[in-house]
$ cat structure.pdb   # PDB, N, CA and C atoms
ATOM      1  N   MET A   1       0.846  -1.164   0.000
ATOM      2  CA  MET A   1       0.000   0.000   0.000
ATOM      3  C   MET A   1       0.899   1.237   0.000
ATOM      4  N   SER A   2       0.490   2.221  -0.689
ATOM      5  CA  SER A   2       1.292   3.439  -0.794
ATOM      6  C   SER A   2       1.175   4.263   0.486
ATOM      7  N   PRO A   3       2.138   5.111   0.767
ATOM      8  CA  PRO A   3       2.085   5.938   1.972
ATOM      9  C   PRO A   3       0.874   6.884   1.977
ATOM     10  N   ALA A   4       0.435   7.350   0.850
ATOM     11  CA  ALA A   4      -0.730   8.245   0.791
ATOM     12  C   ALA A   4      -1.999   7.497   1.200
ATOM     13  N   ALA A   5      -2.120   6.250   0.784
ATOM     14  CA  ALA A   5      -3.289   5.452   1.148
ATOM     15  C   ALA A   5      -3.294   5.149   2.641
ATOM     16  N   GLU A   6      -2.107   4.904   3.200
ATOM     17  CA  GLU A   6      -2.028   4.638   4.648
ATOM     18  C   GLU A   6      -2.428   5.873   5.441
ATOM     19  N   ILE A   7      -2.020   7.037   4.991
ATOM     20  CA  ILE A   7      -2.395   8.287   5.671
ATOM     21  C   ILE A   7      -3.899   8.494   5.584
ATOM     22  N   LEU A   8      -4.478   8.225   4.426
ATOM     23  CA  LEU A   8      -5.933   8.367   4.276
ATOM     24  C   LEU A   8      -6.676   7.381   5.180
ATOM     25  N   VAL A   9      -6.167   6.164   5.317
ATOM     26  CA  VAL A   9      -6.807   5.175   6.194
ATOM     27  C   VAL A   9      -6.739   5.627   7.647
ATOM     28  N   VAL A  10      -5.605   6.171   8.057
ATOM     29  CA  VAL A  10      -5.457   6.663   9.434
ATOM     30  C   VAL A  10      -6.403   7.842   9.678
ATOM     31  N   ILE A  11      -6.463   8.770   8.737
ATOM     32  CA  ILE A  11      -7.357   9.933   8.882
ATOM     33  C   ILE A  11      -8.805   9.465   8.949
ATOM     34  N   LEU A  12      -9.180   8.539   8.094
ATOM     35  CA  LEU A  12     -10.544   8.014   8.099
ATOM     36  C   LEU A  12     -10.858   7.307   9.409
ATOM     37  N   ALA A  13      -9.918   6.544   9.947
ATOM     38  CA  ALA A  13     -10.128   5.854  11.217
ATOM     39  C   ALA A  13     -10.317   6.851  12.359
ATOM     40  N   VAL A  14      -9.540   7.942  12.353
ATOM     41  CA  VAL A  14      -9.661   8.971  13.393
ATOM     42  C   VAL A  14     -11.015   9.660  13.301
ATOM     43  N   VAL A  15     -11.412  10.019  12.090
ATOM     44  CA  VAL A  15     -12.702  10.698  11.908
ATOM     45  C   VAL A  15     -13.858   9.789  12.324
ATOM     46  N   LEU A  16     -13.804   8.532  11.939
ATOM     47  CA  LEU A  16     -14.867   7.592  12.325
ATOM     48  C   LEU A  16     -14.911   7.367  13.834
ATOM     49  N   SER A  17     -13.755   7.320  14.472
ATOM     50  CA  SER A  17     -13.747   7.152  15.932
ATOM     51  C   SER A  17     -14.322   8.388  16.626
ATOM     52  N   ILE A  18     -14.039   9.570  16.078
ATOM     53  CA  ILE A  18     -14.620  10.802  16.642
ATOM     54  C   ILE A  18     -16.141  10.771  16.486
ATOM     55  N   PHE A  19     -16.640  10.387  15.312
ATOM     56  CA  PHE A  19     -18.088  10.292  15.117
ATOM     57  C   PHE A  19     -18.715   9.250  16.045
ATOM     58  N   LEU A  20     -18.011   8.159  16.283
ATOM     59  CA  LEU A  20     -18.514   7.130  17.179
ATOM     60  C   LEU A  20     -18.621   7.662  18.602
ATOM     61  N   ILE A  21     -17.613   8.364  19.055
ATOM     62  CA  ILE A  21     -17.640   8.939  20.411
ATOM     63  C   ILE A  21     -18.748   9.977  20.530
ATOM     64  N   VAL A  22     -18.868  10.849  19.527
ATOM     65  CA  VAL A  22     -19.933  11.871  19.545
ATOM     66  C   VAL A  22     -21.306  11.198  19.529
ATOM     67  N   GLY A  23     -21.462  10.138  18.744
ATOM     68  CA  GLY A  23     -22.733   9.407  18.700
ATOM     69  C   GLY A  23     -23.079   8.783  20.039
ATOM     70  N   ILE A  24     -22.099   8.201  20.719
ATOM     71  CA  ILE A  24     -22.342   7.606  22.041
ATOM     72  C   ILE A  24     -22.753   8.678  23.041
ATOM     73  N   ILE A  25     -22.089   9.822  23.000
ATOM     74  CA  ILE A  25     -22.440  10.927  23.908
ATOM     75  C   ILE A  25     -23.855  11.411  23.625
ATOM     76  N   LEU A  26     -24.225  11.550  22.368
ATOM     77  CA  LEU A  26     -25.580  11.986  22.017
ATOM     78  C   LEU A  26     -26.639  10.984  22.473
ATOM     79  N   VAL A  27     -26.347   9.707  22.339
ATOM     80  CA  VAL A  27     -27.293   8.685  22.794
ATOM     81  C   VAL A  27     -27.482   8.774  24.304
ATOM     82  N   ILE A  28     -26.404   9.000  25.046
ATOM     83  CA  ILE A  28     -26.512   9.143  26.507
ATOM     84  C   ILE A  28     -27.375  10.353  26.855
ATOM     85  N   TYR A  29     -27.150  11.476  26.172
ATOM     86  CA  TYR A  29     -27.964  12.669  26.439
ATOM     87  C   TYR A  29     -29.427  12.453  26.057
ATOM     88  N   LEU A  30     -29.688  11.747  24.986
ATOM     89  CA  LEU A  30     -31.071  11.468  24.591
ATOM     90  C   LEU A  30     -31.767  10.564  25.605
ATOM     91  N   ILE A  31     -31.041   9.605  26.169
ATOM     92  CA  ILE A  31     -31.628   8.748  27.202
ATOM     93  C   ILE A  31     -31.967   9.574  28.437
ATOM     94  N   ARG A  32     -31.058  10.452  28.825
ATOM     95  CA  ARG A  32     -31.339  11.327  29.980
ATOM     96  C   ARG A  32     -32.520  12.250  29.701
ATOM     97  N   LEU A  33     -32.574  12.777  28.486
ATOM     98  CA  LEU A  33     -33.671  13.672  28.113
ATOM     99  C   LEU A  33     -35.009  12.943  28.126
ATOM    100  N   SER A  34     -35.033  11.732  27.622
ATOM    101  CA  SER A  34     -36.292  10.979  27.624
ATOM    102  C   SER A  34     -36.722  10.638  29.048
ATOM    103  N   ALA A  35     -35.779  10.363  29.933
ATOM    104  CA  ALA A  35     -36.127  10.111  31.332
ATOM    105  C   ALA A  35     -36.703  11.370  31.977
ATOM    106  N   GLU A  36     -36.131  12.521  31.665
ATOM    107  CA  GLU A  36     -36.631  13.796  32.203
ATOM    108  C   GLU A  36     -38.028  14.104  31.661
ATOM    109  N   ILE A  37     -38.238  13.852  30.386
ATOM    110  CA  ILE A  37     -39.560  14.075  29.791
ATOM    111  C   ILE A  37     -40.591  13.149  30.434
ATOM    112  N   ARG A  38     -40.212  11.921  30.684
ATOM    113  CA  ARG A  38     -41.119  10.969  31.333
ATOM    114  C   ARG A  38     -41.484  11.450  32.741
ATOM    115  N   ARG A  39     -40.496  11.980  33.476
ATOM    116  CA  ARG A  39     -40.753  12.488  34.826
ATOM    117  C   ARG A  39     -41.684  13.706  34.781
ATOM    118  N   ILE A  40     -41.457  14.595  33.832
ATOM    119  CA  ILE A  40     -42.316  15.780  33.691
ATOM    120  C   ILE A  40     -43.734  15.369  33.307
ATOM    121  N   ALA A  41     -43.857  14.377  32.446
ATOM    122  CA  ALA A  41     -45.186  13.908  32.036
ATOM    123  C   ALA A  41     -45.937  13.318  33.219
ATOM    124  N   LYS A  42     -45.247  12.576  34.077
ATOM    125  CA  LYS A  42     -45.905  12.028  35.271
ATOM    126  C   LYS A  42     -46.356  13.136  36.206
ATOM    127  N   THR A  43     -45.519  14.155  36.373
ATOM    128  CA  THR A  43     -45.882  15.286  37.227
ATOM    129  C   THR A  43     -47.090  16.028  36.657
ATOM    130  N   ALA A  44     -47.088  16.245  35.356
ATOM    131  CA  ALA A  44     -48.222  16.926  34.718
ATOM    132  C   ALA A  44     -49.485  16.091  34.828
ATOM    133  N   GLN A  45     -49.372  14.787  34.683
ATOM    134  CA  GLN A  45     -50.535  13.907  34.805
ATOM    135  C   GLN A  45     -51.087  13.958  36.226
ATOM    136  N   HIS A  46     -50.201  13.996  37.209
ATOM    137  CA  HIS A  46     -50.649  14.089  38.599
ATOM    138  C   HIS A  46     -51.349  15.423  38.858
ATOM    139  N   ALA A  47     -50.806  16.509  38.296
ATOM    140  CA  ALA A  47     -51.422  17.829  38.478
ATOM    141  C   ALA A  47     -52.796  17.880  37.828
ATOM    142  N   VAL A  48     -52.925  17.326  36.636
ATOM    143  CA  VAL A  48     -54.216  17.318  35.946
ATOM    144  C   VAL A  48     -55.220  16.478  36.729
ATOM    145  N   SER A  49     -54.775  15.378  37.272
ATOM    146  CA  SER A  49     -55.661  14.533  38.070
ATOM    147  C   SER A  49     -56.140  15.281  39.309
ATOM    148  N   SER A  50     -55.247  16.019  39.959
ATOM    149  CA  SER A  50     -55.628  16.789  41.145
ATOM    150  C   SER A  50     -56.637  17.877  40.793
ATOM    151  N   VAL A  51     -56.396  18.567  39.683
ATOM    152  CA  VAL A  51     -57.321  19.618  39.260
ATOM    153  C   VAL A  51     -58.674  19.011  38.905
ATOM    154  N   GLU A  52     -58.659  17.874  38.244
ATOM    155  CA  GLU A  52     -59.904  17.211  37.873
ATOM    156  C   GLU A  52     -60.703  16.812  39.114
ATOM    157  N   THR A  53     -60.030  16.299  40.124
ATOM    158  CA  THR A  53     -60.696  15.933  41.370
ATOM    159  C   THR A  53     -61.278  17.169  42.051
ATOM    160  N   ALA A  54     -60.509  18.254  42.067
ATOM    161  CA  ALA A  54     -60.987  19.483  42.700
ATOM    162  C   ALA A  54     -62.213  20.033  41.975
ATOM    163  N   VAL A  55     -62.184  20.034  40.659
ATOM    164  CA  VAL A  55     -63.326  20.535  39.884
ATOM    165  C   VAL A  55     -64.546  19.649  40.106
ATOM    166  N   SER A  56     -64.335  18.369  40.176
ATOM    167  CA  SER A  56     -65.440  17.451  40.420
ATOM    168  C   SER A  56     -66.069  17.722  41.786
ATOM    169  N   ASN A  57     -65.227  17.950  42.791
ATOM    170  CA  ASN A  57     -65.748  18.245  44.126
ATOM    171  C   ASN A  57     -66.479  19.581  44.162
ATOM    172  N   VAL A  58     -65.970  20.561  43.438
ATOM    173  CA  VAL A  58     -66.641  21.865  43.388
ATOM    174  C   VAL A  58     -67.999  21.723  42.706
ATOM    175  N   ASN A  59     -68.063  20.935  41.643
ATOM    176  CA  ASN A  59     -69.339  20.736  40.954
ATOM    177  C   ASN A  59     -70.351  20.047  41.857
ATOM    178  N   LYS A  60     -69.899  19.069  42.617
ATOM    179  CA  LYS A  60     -70.812  18.380  43.541
ATOM    180  C   LYS A  60     -71.318  19.328  44.611
ATOM    181  N   PHE A  61     -70.461  20.248  45.057
ATOM    182  CA  PHE A  61     -70.827  21.167  46.119
ATOM    183  C   PHE A  61     -71.626  22.349  45.583
ATOM    184  N   ALA A  62     -71.310  22.799  44.390
ATOM    185  CA  ALA A  62     -71.932  24.008  43.839
ATOM    186  C   ALA A  62     -73.372  23.761  43.413
ATOM    187  N   SER A  63     -73.697  22.602  42.916
ATOM    188  CA  SER A  63     -75.047  22.332  42.444
ATOM    189  C   SER A  63     -76.086  22.445  43.556
ATOM    190  N   PRO A  64     -75.895  21.826  44.722
ATOM    191  CA  PRO A  64     -76.880  21.995  45.792
ATOM    192  C   PRO A  64     -76.965  23.427  46.302
ATOM    193  N   ILE A  65     -75.847  24.129  46.336
ATOM    194  CA  ILE A  65     -75.877  25.519  46.800
ATOM    195  C   ILE A  65     -76.668  26.375  45.811
ATOM    196  N   PHE A  66     -76.460  26.172  44.530
ATOM    197  CA  PHE A  66     -77.187  26.923  43.521
ATOM    198  C   PHE A  66     -78.691  26.651  43.636
ATOM    199  N   PHE A  67     -79.058  25.401  43.802
ATOM    200  CA  PHE A  67     -80.459  25.038  43.949
ATOM    201  C   PHE A  67     -81.049  25.663  45.218
ATOM    202  N   ALA A  68     -80.313  25.612  46.318
ATOM    203  CA  ALA A  68     -80.795  26.196  47.570
ATOM    204  C   ALA A  68     -80.936  27.708  47.451
ATOM    205  N   GLU A  69     -80.045  28.342  46.726
ATOM    206  CA  GLU A  69     -80.120  29.788  46.532
ATOM    207  C   GLU A  69     -81.378  30.166  45.755
ATOM    208  N   ILE A  70     -81.692  29.430  44.721
ATOM    209  CA  ILE A  70     -82.892  29.709  43.936
ATOM    210  C   ILE A  70     -84.142  29.492  44.781
ATOM    211  N   VAL A  71     -84.191  28.405  45.530
ATOM    212  CA  VAL A  71     -85.345  28.136  46.397
ATOM    213  C   VAL A  71     -85.472  29.240  47.441
ATOM    214  N   GLY A  72     -84.348  29.683  48.011
ATOM    215  CA  GLY A  72     -84.378  30.761  49.003
ATOM    216  C   GLY A  72     -84.925  32.055  48.420
ATOM    217  N   ARG A  73     -84.553  32.369  47.190
ATOM    218  CA  ARG A  73     -85.072  33.583  46.553
ATOM    219  C   ARG A  73     -86.586  33.515  46.387
ATOM    220  N   TYR A  74     -87.085  32.374  45.941
ATOM    221  CA  TYR A  74     -88.524  32.248  45.750
ATOM    222  C   TYR A  74     -89.268  32.293  47.080
ATOM    223  N   ILE A  75     -88.682  31.724  48.112
ATOM    224  CA  ILE A  75     -89.336  31.773  49.429
ATOM    225  C   ILE A  75     -89.395  33.208  49.920
ATOM    226  N   LYS A  76     -88.293  33.935  49.795
ATOM    227  CA  LYS A  76     -88.303  35.342  50.218
ATOM    228  C   LYS A  76     -89.303  36.146  49.408
ATOM    229  N   LYS A  77     -89.355  35.907  48.124
ATOM    230  CA  LYS A  77     -90.289  36.627  47.256
ATOM    231  C   LYS A  77     -91.727  36.305  47.648
ATOM    232  N   TYR A  78     -91.993  35.047  47.930
ATOM    233  CA  TYR A  78     -93.349  34.646  48.308
ATOM    234  C   TYR A  78     -93.742  35.237  49.652
ATOM    235  N   THR A  79     -92.821  35.235  50.624
ATOM    236  CA  THR A  79     -93.154  35.780  51.937
ATOM    237  C   THR A  79     -93.341  37.286  51.868
ATOM    238  N   LYS A  80     -92.591  37.982  51.031
ATOM    239  CA  LYS A  80     -92.763  39.426  50.901
ATOM    240  C   LYS A  80     -94.129  39.740  50.261
ATOM    241  N   THR A  81     -94.541  38.999  49.249
ATOM    242  CA  THR A  81     -95.821  39.266  48.603
ATOM    243  C   THR A  81     -96.972  38.859  49.504
ATOM    244  N   SER A  82     -96.805  37.819  50.307
ATOM    245  CA  SER A  82     -97.907  37.423  51.193
ATOM    246  C   SER A  82     -98.048  38.397  52.344
ATOM    247  N   ARG A  83     -96.991  39.045  52.813
ATOM    248  CA  ARG A  83     -97.084  40.039  53.888
ATOM    249  C   ARG A  83     -97.753  41.318  53.390
ATOM    250  N   LYS A  84     -97.521  41.651  52.121
ATOM    251  CA  LYS A  84     -98.145  42.857  51.575
ATOM    252  C   LYS A  84     -99.640  42.676  51.456
ATOM    253  N   GLY A  85    -100.076  41.465  51.241
ATOM    254  CA  GLY A  85    -101.511  41.202  51.092
ATOM    255  C   GLY A  85    -102.251  41.308  52.412
ATOM    256  N   LYS A  86    -101.600  41.172  53.551
ATOM    257  CA  LYS A  86    -102.270  41.224  54.869
ATOM    258  C   LYS A  86    -102.445  42.585  55.379
TER
END

$ encode --input "structure.pdb" --output "structure tokens"
Amino acid sequence: MSPAAEILVVILAVVLSIFLIVGIILVIYLIRLSAEIRRIAKTAQHAVSSVETAVSNVNKFASPIFFAEIVGRYIKKYTKTSRKGK
């Protein structure tokens, strides 16, 4: 093999080894990133679940209060009109 071909083989081997090292580093960072995304997704899912539970509880509590408020208004209105008639 000629000396020029040997130099090209050495240069190619160095460049390929650099790409291999960079690729391994990128894969490690991508694994860490996916783990972080998974953790954030779990946290967001927990927050949404908590908000959903809170809204459900507010709806259960708000409906009877709204109904009682309407009934109270009609009772007050009826008692005021019946007192005026006497």

$ atom_distance --input "structure.pdb" --atom1 "atom C of Ser56 in chain A" --atom2 "atom N of Tyr74 in chain A"
26.0 Å

$ axis_aligned_box --input "structure.pdb" --around "range 50-56 of chain A" --padding-each-side "6 Å" --output "JSON"
{"center_x": -60.7, "center_y": 18.2, "center_z": 40.3, "size_x": 22.8, "size_y": 16.6, "size_z": 16.8}

$ atom_distance --input "structure.pdb" --atom1 "atom C of Ile28 in chain A" --atom2 "atom C of Leu16 in chain A"
18.3 Å

$ atom_distance --input "structure.pdb" --atom1 "CA of Ala47 in chain A" --atom2 "CA of Ala35 in chain A"
18.6 Å
